[in-house]
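Asker: Below is upload-v3.txt; it holds compact mmCIF, C-alpha atoms.
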```
# COMPACT_ATOMS: atom_id res chain seq x y z
CA MET A 1 104.07 118.45 93.87
CA LYS A 2 104.61 114.73 93.47
CA ALA A 3 104.17 113.02 90.13
CA ASN A 4 104.26 109.29 89.47
CA VAL A 5 104.41 107.82 85.99
CA SER A 6 104.56 104.12 85.11
CA LEU A 7 105.75 103.18 81.68
CA LYS A 8 105.24 99.64 80.43
CA ILE A 9 107.82 99.06 77.74
CA PRO A 10 106.38 96.85 74.98
CA ASP A 11 107.81 93.33 75.45
CA GLY A 12 109.94 94.79 78.18
CA LYS A 13 109.93 95.97 81.69
CA MET A 14 107.95 98.33 83.85
CA VAL A 15 109.65 101.62 84.63
CA LYS A 16 108.19 103.83 87.33
CA ILE A 17 109.25 107.39 87.86
CA ASN A 18 108.42 109.18 91.09
CA ALA A 19 109.42 112.82 90.98
CA GLU A 20 109.03 115.81 93.23
CA ILE A 21 108.43 118.81 91.02
CA ASP A 22 108.18 122.47 92.02
CA ASP A 23 107.50 125.64 89.98
CA GLU A 24 110.89 125.56 88.35
CA LYS A 25 112.65 122.30 88.89
CA ILE A 26 112.38 118.56 88.90
CA LEU A 27 113.72 117.79 92.36
CA ASP A 28 114.05 114.29 93.75
CA THR A 29 113.56 111.64 91.10
CA GLU A 30 113.25 107.95 91.82
CA ILE A 31 113.61 105.27 89.15
CA ARG A 32 111.93 102.00 90.10
CA GLY A 33 110.89 98.87 88.27
CA ASP A 34 111.52 95.28 87.29
CA PHE A 35 114.45 96.11 85.04
CA PHE A 36 118.11 95.15 85.32
CA LEU A 37 121.02 97.51 85.78
CA GLU A 38 124.72 96.71 85.88
CA PRO A 39 126.34 97.59 88.13
CA PRO A 40 123.34 97.95 90.47
CA GLU A 41 125.00 100.71 92.48
CA LYS A 42 124.59 103.07 89.51
CA LEU A 43 120.88 103.56 90.16
CA GLN A 44 121.59 106.39 92.58
CA GLU A 45 123.88 108.13 90.10
CA LEU A 46 121.23 107.95 87.40
CA GLU A 47 118.68 109.41 89.81
CA GLU A 48 121.01 112.20 90.83
CA LYS A 49 121.61 113.18 87.20
CA ILE A 50 117.93 113.92 86.73
CA SER A 51 117.26 115.51 90.08
CA GLY A 52 117.52 119.29 90.24
CA ILE A 53 117.09 119.86 86.51
CA ASP A 54 114.86 122.45 84.89
CA ARG A 55 111.22 121.48 84.83
CA ASN A 56 110.94 122.28 81.13
CA CYS A 57 114.01 120.24 80.24
CA SER A 58 113.44 118.43 76.95
CA LYS A 59 113.30 114.67 76.67
CA GLU A 60 116.52 114.74 74.64
CA LYS A 61 118.28 116.80 77.27
CA ILE A 62 117.17 114.43 80.04
CA GLN A 63 118.46 111.52 78.01
CA GLU A 64 121.80 113.28 77.54
CA LYS A 65 122.08 113.72 81.29
CA LEU A 66 121.53 110.00 81.76
CA GLU A 67 124.16 109.21 79.11
CA GLU A 68 126.75 110.73 81.44
CA VAL A 69 126.44 107.72 83.71
CA ASP A 70 128.41 104.67 82.64
CA ALA A 71 126.00 101.83 83.34
CA GLU A 72 124.32 99.08 81.38
CA LEU A 73 120.53 99.34 81.32
CA ILE A 74 118.88 96.01 80.56
CA GLY A 75 115.21 95.65 79.66
CA PHE A 76 114.80 99.43 79.49
CA SER A 77 116.70 102.40 78.10
CA ARG A 78 117.71 105.92 78.99
CA GLN A 79 115.16 107.05 76.45
CA ASP A 80 112.40 105.26 78.37
CA VAL A 81 113.42 106.95 81.60
CA ALA A 82 113.55 110.34 79.85
CA GLU A 83 110.12 109.79 78.35
CA ALA A 84 108.59 108.81 81.69
CA LEU A 85 110.14 111.77 83.49
CA ARG A 86 108.96 114.16 80.80
CA LYS A 87 105.44 112.73 81.20
CA ALA A 88 105.66 113.22 84.95
CA ALA A 89 106.59 116.87 84.52
CA ASP A 90 103.81 117.40 81.96
CA LYS A 91 101.35 115.77 84.33
CA VAL A 92 102.17 118.27 87.07
CA GLU A 93 101.75 121.13 84.65
CA GLY A 94 98.36 119.76 83.57
CA GLU A 95 97.19 119.50 87.16
CA GLU A 96 98.23 123.04 87.95
CA LYS A 97 96.08 124.48 85.21
CA MET B 1 135.72 72.91 81.20
CA SER B 2 135.77 72.85 84.96
CA LYS B 3 134.00 70.38 87.17
CA TRP B 4 130.60 71.44 88.49
CA ARG B 5 129.27 71.12 92.02
CA ILE B 6 125.59 70.31 92.23
CA ILE B 7 123.90 71.12 95.53
CA ASN B 8 120.42 69.67 95.77
CA GLU B 9 119.67 70.05 99.45
CA GLY B 10 119.28 72.55 102.25
CA GLU B 11 116.01 73.99 103.49
CA TYR B 12 116.40 77.62 104.46
CA SER B 13 114.56 80.87 105.00
CA GLU B 14 114.22 83.20 102.02
CA ALA B 15 116.78 85.58 103.57
CA MET B 16 119.26 82.73 103.95
CA HIS B 17 118.90 81.68 100.32
CA HIS B 18 119.73 85.17 99.12
CA ALA B 19 122.63 85.31 101.55
CA ILE B 20 123.98 82.02 100.16
CA ASP B 21 123.68 83.49 96.66
CA GLU B 22 125.69 86.51 97.65
CA VAL B 23 128.36 84.52 99.53
CA LEU B 24 128.88 82.07 96.67
CA THR B 25 128.86 84.81 94.01
CA GLU B 26 131.51 86.73 95.97
CA LYS B 27 133.58 83.56 96.28
CA MET B 28 133.31 83.02 92.55
CA GLU B 29 134.30 86.65 92.01
CA LYS B 30 137.52 85.95 93.95
CA ASP B 31 138.10 82.77 91.96
CA ASN B 32 137.58 80.78 95.11
CA LEU B 33 134.66 78.59 94.02
CA GLU B 34 134.04 75.83 91.55
CA PRO B 35 131.11 76.48 89.23
CA THR B 36 128.02 75.45 91.11
CA LEU B 37 124.36 74.69 90.46
CA ARG B 38 122.23 74.91 93.59
CA PHE B 39 118.56 74.01 94.00
CA TRP B 40 116.58 75.84 96.68
CA TYR B 41 114.30 74.37 99.32
CA ARG B 42 112.15 76.83 101.22
CA LYS B 43 110.85 76.72 104.77
CA ASN B 44 108.05 79.23 104.54
CA PRO B 45 106.04 81.29 102.04
CA SER B 46 107.98 84.23 100.69
CA VAL B 47 108.17 87.06 98.22
CA PRO B 48 111.56 87.66 96.62
CA PHE B 49 111.38 90.96 94.76
CA GLY B 50 113.65 92.83 92.39
CA ARG B 51 116.67 94.88 93.41
CA PHE B 52 115.19 98.07 91.90
CA GLN B 53 111.58 97.69 92.92
CA SER B 54 109.95 99.63 95.66
CA PHE B 55 108.88 97.41 98.56
CA GLU B 56 105.54 99.11 98.95
CA ASP B 57 104.76 99.12 95.23
CA GLU B 58 105.10 95.36 94.97
CA VAL B 59 103.87 93.87 98.21
CA GLU B 60 100.57 93.97 100.10
CA VAL B 61 102.54 94.71 103.24
CA LYS B 62 99.73 94.12 105.74
CA TYR B 63 98.71 90.84 104.16
CA ALA B 64 102.31 89.63 104.07
CA GLU B 65 102.84 90.51 107.73
CA GLU B 66 99.60 88.90 108.89
CA ASN B 67 100.38 85.71 107.02
CA ASN B 68 104.08 85.47 107.91
CA ILE B 69 105.17 85.78 104.30
CA GLU B 70 108.88 86.59 104.26
CA VAL B 71 109.63 89.47 101.90
CA VAL B 72 113.23 89.80 100.71
CA ARG B 73 114.88 92.16 98.24
CA ARG B 74 117.09 90.27 95.78
CA ILE B 75 120.56 91.33 94.68
CA THR B 76 119.30 90.87 91.12
CA GLY B 77 116.86 92.98 89.14
CA GLY B 78 113.60 91.72 87.71
CA GLY B 79 110.15 91.43 89.21
CA ALA B 80 108.48 90.27 92.40
CA MET B 81 107.22 86.75 92.73
CA PHE B 82 105.52 84.55 95.24
CA ALA B 83 106.90 81.23 96.46
CA GLU B 84 105.66 78.55 98.83
CA PRO B 85 107.61 75.48 99.99
CA GLY B 86 107.26 72.78 97.36
CA ASN B 87 105.29 75.01 94.98
CA VAL B 88 108.12 76.42 92.94
CA ILE B 89 111.45 75.22 91.60
CA THR B 90 114.31 77.65 92.11
CA TYR B 91 117.94 77.16 91.21
CA SER B 92 121.04 79.31 91.21
CA ILE B 93 124.04 79.03 88.96
CA TYR B 94 127.40 80.52 89.99
CA ILE B 95 129.71 80.60 87.02
CA PRO B 96 132.88 82.39 85.91
CA ARG B 97 132.00 85.33 83.73
CA ASP B 98 134.26 84.17 80.91
CA GLU B 99 132.18 81.00 80.58
CA VAL B 100 129.01 83.01 79.90
CA PRO B 101 128.16 84.76 76.61
CA GLU B 102 128.72 88.51 76.91
CA ASN B 103 125.44 89.04 75.08
CA ILE B 104 122.90 89.16 77.86
CA GLU B 105 119.98 87.71 75.95
CA GLU B 106 122.12 84.80 74.75
CA SER B 107 123.42 84.16 78.24
CA TYR B 108 119.93 83.89 79.75
CA GLU B 109 118.89 81.44 77.09
CA GLU B 110 122.04 79.38 77.41
CA LEU B 111 122.01 79.16 81.21
CA ASP B 112 118.36 78.08 81.38
CA LYS B 113 118.62 75.72 78.43
CA PHE B 114 119.07 72.57 80.52
CA ALA B 115 115.88 73.31 82.46
CA VAL B 116 113.84 74.10 79.35
CA GLU B 117 115.12 70.89 77.72
CA ALA B 118 114.26 68.88 80.84
CA LEU B 119 110.72 70.24 80.83
CA LYS B 120 110.35 69.42 77.14
CA GLU B 121 111.48 65.84 77.73
CA LEU B 122 108.83 65.56 80.42
CA GLY B 123 106.24 66.76 77.94
CA VAL B 124 105.95 70.41 79.02
CA GLU B 125 106.08 72.59 75.92
CA ALA B 126 108.35 75.17 77.49
CA SER B 127 110.26 77.77 75.55
CA TYR B 128 112.59 80.59 76.34
CA GLU B 129 111.18 84.08 75.88
CA PRO B 130 113.63 87.00 75.86
CA LEU B 131 114.74 88.59 77.98
CA ASN B 132 114.29 86.47 81.05
CA ASP B 133 111.09 84.41 80.87
CA ILE B 134 110.33 80.74 80.45
CA GLU B 135 106.98 80.42 78.75
CA HIS B 136 104.32 77.90 77.94
CA GLU B 137 101.57 78.78 75.48
CA ASP B 138 99.22 78.89 78.50
CA GLY B 139 101.34 81.49 80.29
CA LYS B 140 104.57 82.25 82.03
CA LEU B 141 106.21 79.27 83.73
CA GLY B 142 109.04 81.17 85.29
CA GLY B 143 111.66 83.84 85.13
CA ALA B 144 115.36 84.32 85.60
CA ALA B 145 117.59 87.09 86.86
CA GLN B 146 121.31 87.72 86.70
CA LEU B 147 123.92 89.67 88.53
CA ARG B 148 127.12 90.23 86.59
CA LYS B 149 130.28 90.90 88.52
CA GLU B 150 133.70 91.41 87.00
CA ASN B 151 134.64 87.73 87.15
CA ALA B 152 131.42 86.02 88.14
CA VAL B 153 127.83 85.68 87.08
CA LEU B 154 124.95 84.75 89.35
CA HIS B 155 121.98 83.41 87.42
CA HIS B 156 118.92 82.33 89.34
CA THR B 157 115.62 81.08 88.00
CA THR B 158 112.27 80.35 89.57
CA MET B 159 109.54 78.31 87.94
CA SER B 160 106.06 77.68 89.15
CA PHE B 161 105.55 74.03 89.95
CA ASP B 162 102.17 74.16 91.61
CA LEU B 163 101.80 77.78 92.64
CA ASP B 164 98.67 79.03 94.41
CA THR B 165 97.96 81.84 91.99
CA LYS B 166 95.04 83.18 94.03
CA GLU B 167 97.27 83.58 97.05
CA MET B 168 99.89 85.17 94.79
CA LEU B 169 97.38 87.85 93.80
CA ARG B 170 96.61 88.54 97.46
CA VAL B 171 100.22 89.21 98.37
CA LEU B 172 101.65 90.78 95.21
CA ARG B 173 100.61 94.21 94.04
CA ILE B 174 102.39 93.97 90.70
CA GLY B 175 99.66 91.57 89.61
CA LYS B 176 97.15 94.35 89.97
CA GLU B 177 99.11 96.79 87.95
CA LYS B 178 99.62 94.40 85.09
CA VAL B 179 95.93 93.57 85.10
CA SER B 180 95.14 97.24 84.66
CA ASP B 181 97.42 97.30 81.64
CA LYS B 182 95.02 96.63 78.79
CA ALA B 183 97.73 95.11 76.64
CA VAL B 184 98.28 92.30 79.10
CA LYS B 185 96.00 89.45 80.14
CA SER B 186 95.18 89.10 83.82
CA ALA B 187 98.07 88.20 86.07
CA GLU B 188 96.49 84.92 87.05
CA GLN B 189 96.03 83.91 83.43
CA ARG B 190 99.61 84.86 82.73
CA VAL B 191 100.97 82.16 85.04
CA SER B 192 101.31 78.59 83.88
CA ARG B 193 102.43 75.83 86.22
CA ILE B 194 104.56 72.78 85.53
CA SER B 195 102.03 70.60 87.38
CA ASP B 196 99.32 71.72 84.92
CA HIS B 197 101.22 69.84 82.23
CA VAL B 198 102.88 66.83 83.89
CA GLY B 199 101.93 64.27 86.50
CA HIS B 200 105.42 63.86 87.94
CA PRO B 201 106.20 64.96 91.47
CA ARG B 202 108.46 67.96 91.94
CA GLU B 203 111.54 65.90 92.85
CA LYS B 204 111.26 64.00 89.55
CA VAL B 205 111.30 67.27 87.64
CA VAL B 206 114.37 68.43 89.59
CA GLU B 207 116.03 65.05 88.95
CA LYS B 208 115.39 65.46 85.23
CA MET B 209 116.88 68.95 85.31
CA ILE B 210 120.02 67.65 87.03
CA GLU B 211 120.23 64.86 84.44
CA LYS B 212 120.06 67.38 81.58
CA PHE B 213 122.51 69.70 83.28
CA SER B 214 124.99 66.84 83.68
CA GLU B 215 125.00 66.04 79.95
CA GLY B 216 128.37 67.12 78.59
CA ARG B 217 129.55 68.36 81.98
CA GLU B 218 131.63 66.76 84.65
CA VAL B 219 129.61 67.04 87.85
CA GLU B 220 129.72 66.01 91.49
CA GLU B 221 127.10 66.14 94.18
CA ALA B 222 128.12 68.53 96.90
CA SER B 223 127.03 70.36 100.01
CA LEU B 224 127.69 73.84 101.25
CA SER B 225 130.71 73.97 103.55
CA ASP B 226 130.29 74.91 107.22
CA GLU B 227 132.16 78.11 106.50
CA GLU B 228 129.82 79.02 103.63
CA ILE B 229 126.80 78.39 105.83
CA GLU B 230 128.23 80.48 108.68
CA GLN B 231 129.01 83.39 106.38
CA ALA B 232 125.57 83.21 104.85
CA GLU B 233 123.84 83.04 108.24
CA LYS B 234 125.58 86.24 109.24
CA LEU B 235 124.62 87.96 106.00
CA ALA B 236 121.03 86.71 106.25
CA ARG B 237 120.76 88.22 109.72
CA GLU B 238 122.52 91.48 109.02
CA LYS B 239 121.38 92.22 105.47
CA PHE B 240 118.58 90.15 104.01
CA SER B 241 116.42 90.21 107.16
CA SER B 242 116.98 93.93 107.71
CA GLU B 243 114.60 96.74 106.91
CA ASP B 244 117.59 98.79 105.77
CA TRP B 245 118.05 96.45 102.84
CA ASN B 246 114.53 95.20 102.18
CA ARG B 247 112.88 98.60 102.39
CA GLU B 248 115.78 100.59 100.96
CA LEU B 249 113.72 101.60 97.91
```
Please lay out the structure from this file as structure tokens.

Answerer:
Amino acid sequence: MKANVSLKIPDGKMVKINAEIDDEKILDTEIRGDFFLEPPEKLQELEEKISGIDRNCSKEKIQEKLEEVDAELIGFSRQDVAEALRKAADKVEGEEK
Amino acid sequence: MSKWRIINEGEYSEAMHHAIDEVLTEKMEKDNLEPTLRFWYRKNPSVPFGRFQSFEDEVEVKYAEENNIEVVRRITGGGAMFAEPGNVITYSIYIPRDEVPENIEESYEELDKFAVEALKELGVEASYEPLNDIEHEDGKLGGAAQLRKENAVLHHTTMSFDLDTKEMLRVLRIGKEKVSDKAVKSAEQRVSRISDHVGHPREKVVEKMIEKFSEGREVEEASLSDEEIEQAEKLAREKFSSEDWNREL
């Protein structure tokens, strides 16, 4: 099931998470938005880190995964991405019930 | 301090402008370019959008196609915007990284300072709003975006001179999303235009910006070289006009 979550960071940027989520796992995750990232090529690495993880993975754990990528996030944070992805997973669970 | 080239000419497609930005930034990266300030002149309406945005999230694709609005993904992050020839002021700065504050917020403010000061001298109460906005109390005048390479920084800024905000809302989707965000005023209200506050024509405003930029700097008027133009034309064709790049995300 697909889940899309947009997070408007106060005084900051818009982060959009598009994730494909099945019974167990968060599969393909896309991170989109009007943020900055240096170097830009790291977007894919960030996305890969949070694709294929357990669907019940905690926000903290997701953030830890993102910390493994050496990139500078500008106008948003790893915590924001983790929060949005967690919301996406919760949304799918809500819709299933 | 090194001598600056100021390029205030050259009417190109949106794709070509982004190609020129990439060519000059790469030259700067290889220490093969003098610091340069370049003003853009556009040929046609366009939507430059952010490196990390999804094409379809930001653009009313059908409307853009029907109205020949050229949509190009930037090499810099940030948001989508709408530009028409003569309706916006865009400039790019190519500068060695060691001449730019490492602190990102400081660097945005510093690199746009000359333009904000120029607007103030013309009577536009502009101010810099972190991270990358230029604001007037009536709304956002413009925004900047940077790409930081190892040895070079590209900093480009677009300000609304006389933007058709109704047309902007027809072609941009981001407007709609921000409208739905209760915390934010409507997208149209959020835009303020230089021409709302001054009677000067656009070229006068650009002249003033060049005057402010030249204070305390050694500058010379310059043009792109034939080689730079050729390289950029190739990149415009192969990258910035391609679906592979523009619709990558």

Asker: Please find the residues of chain B near chain A - the criterion being any atom within 7 Å, counting only C-alpha atoms - and write them as a list in words.

Answerer: Gly50, Phe52, Gln53, Ser54, Gly77, Gly78, Gly79 and Arg148 of chain B

Asker: Determine the nearest neighbour of Asn4 of chain A from the options A:Leu66, A:Glu41, A:Asp28, A:Lys91, counting all atoms listed in the file.

Answerer: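 With all atoms listed in the file as the atom set, the closest residue is A:Lys91.
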
Asker: Counting all atoms listed in the file, which residue out of B:Ile104, B:Ala152, B:Val59, B:Met168 sits closest to Glu72 of chain A?

Answerer: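 Of the candidates, the smallest distance to Glu72 of chain A is held by B:Ile104.
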
Asker: Quick check, in Å to one decimal: how far apart do atom CA of Leu235 of chain B and atom CA of Val71 of chain B lie?

Answerer: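 According to the coordinates, atom CA of Leu235 of chain B and atom CA of Val71 of chain B are separated by 15.6 Å.
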
Asker: Got a sec: who's within 8 Å of segment 205-222 of chain B, counting only C-alpha atoms, leaving out chain neighbours fewer than 6 positions off, as a list of chain:residue names?

Answerer: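 Using only C-alpha atoms, the neighbours found are B:Met1, B:Ser2, B:Lys3, B:Trp4, B:Arg5, B:Ile6, B:Ile7, B:Asn8, B:Ile89, B:Phe114, B:Ala115, B:Glu117, B:Ala118, B:Leu119, B:Leu122.
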
Asker: For each of B:Asn87, B:Thr36, B:Ser92, B:Asn67, take the minimum atom-to-atom distance to Ser195 of chain B, counting all atoms listed in the file, then give the residue where this is smallest.

Answerer: B:Asn87

Asker: Can you pull out every residue within 8 Å of Gly86 of chain B, counting only C-alpha atoms, but drop anything in the same chain fewer than 3 positions away, and send it as number ranges by chain?

Answerer: B: 41-42, 89, 161-162, 202

Asker: Using all atoms listed in the file, which of B:Val88, B:Glu26, B:Asp244, B:Ile20 sits nearest Glu203 of chain B?

Answerer: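 Closest to Glu203 of chain B, using all atoms listed in the file: B:Val88.
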
Asker: I'd like the interatomic distance between atom CA of Pro35 of chain B and atom CA of Val124 of chain B, to a tenth of an Å.

Answerer: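 Those two atoms sit 27.8 Å apart.
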
Asker: Could you please determine the separation between atom CA of His18 of chain B and atom CA of Ala80 of chain B in Å, to one decimal place?

Answerer: 14.1 Å

Asker: Env of segment 76-90 of chain A: 6 Å cut, atoms = only C-alpha atoms, seq-sep filter 5 positions within chain, self excluded. Answer as a PyMOL selection string.

Answerer: chain A and resi 3+5+59+62-63

Asker: Using all atoms of segment 135-139 of chain B listed in the file and a margin of 4 Å per side, can you give the axis-aligned box centre and edge lengths in Å to one decimal, as JSON?

Answerer:
```
{"center_x": 103.1, "center_y": 79.7, "center_z": 77.9, "size_x": 15.8, "size_y": 11.6, "size_z": 12.8}
```

Asker: Could you check the closest approach to Met1 of chain A for each of A:Gln44, A:Lys61, A:Leu27, A:Ile17 and tell me which residue wins, using all atoms listed in the file?

Answerer: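 Of the candidates, the smallest distance to Met1 of chain A is held by A:Leu27.
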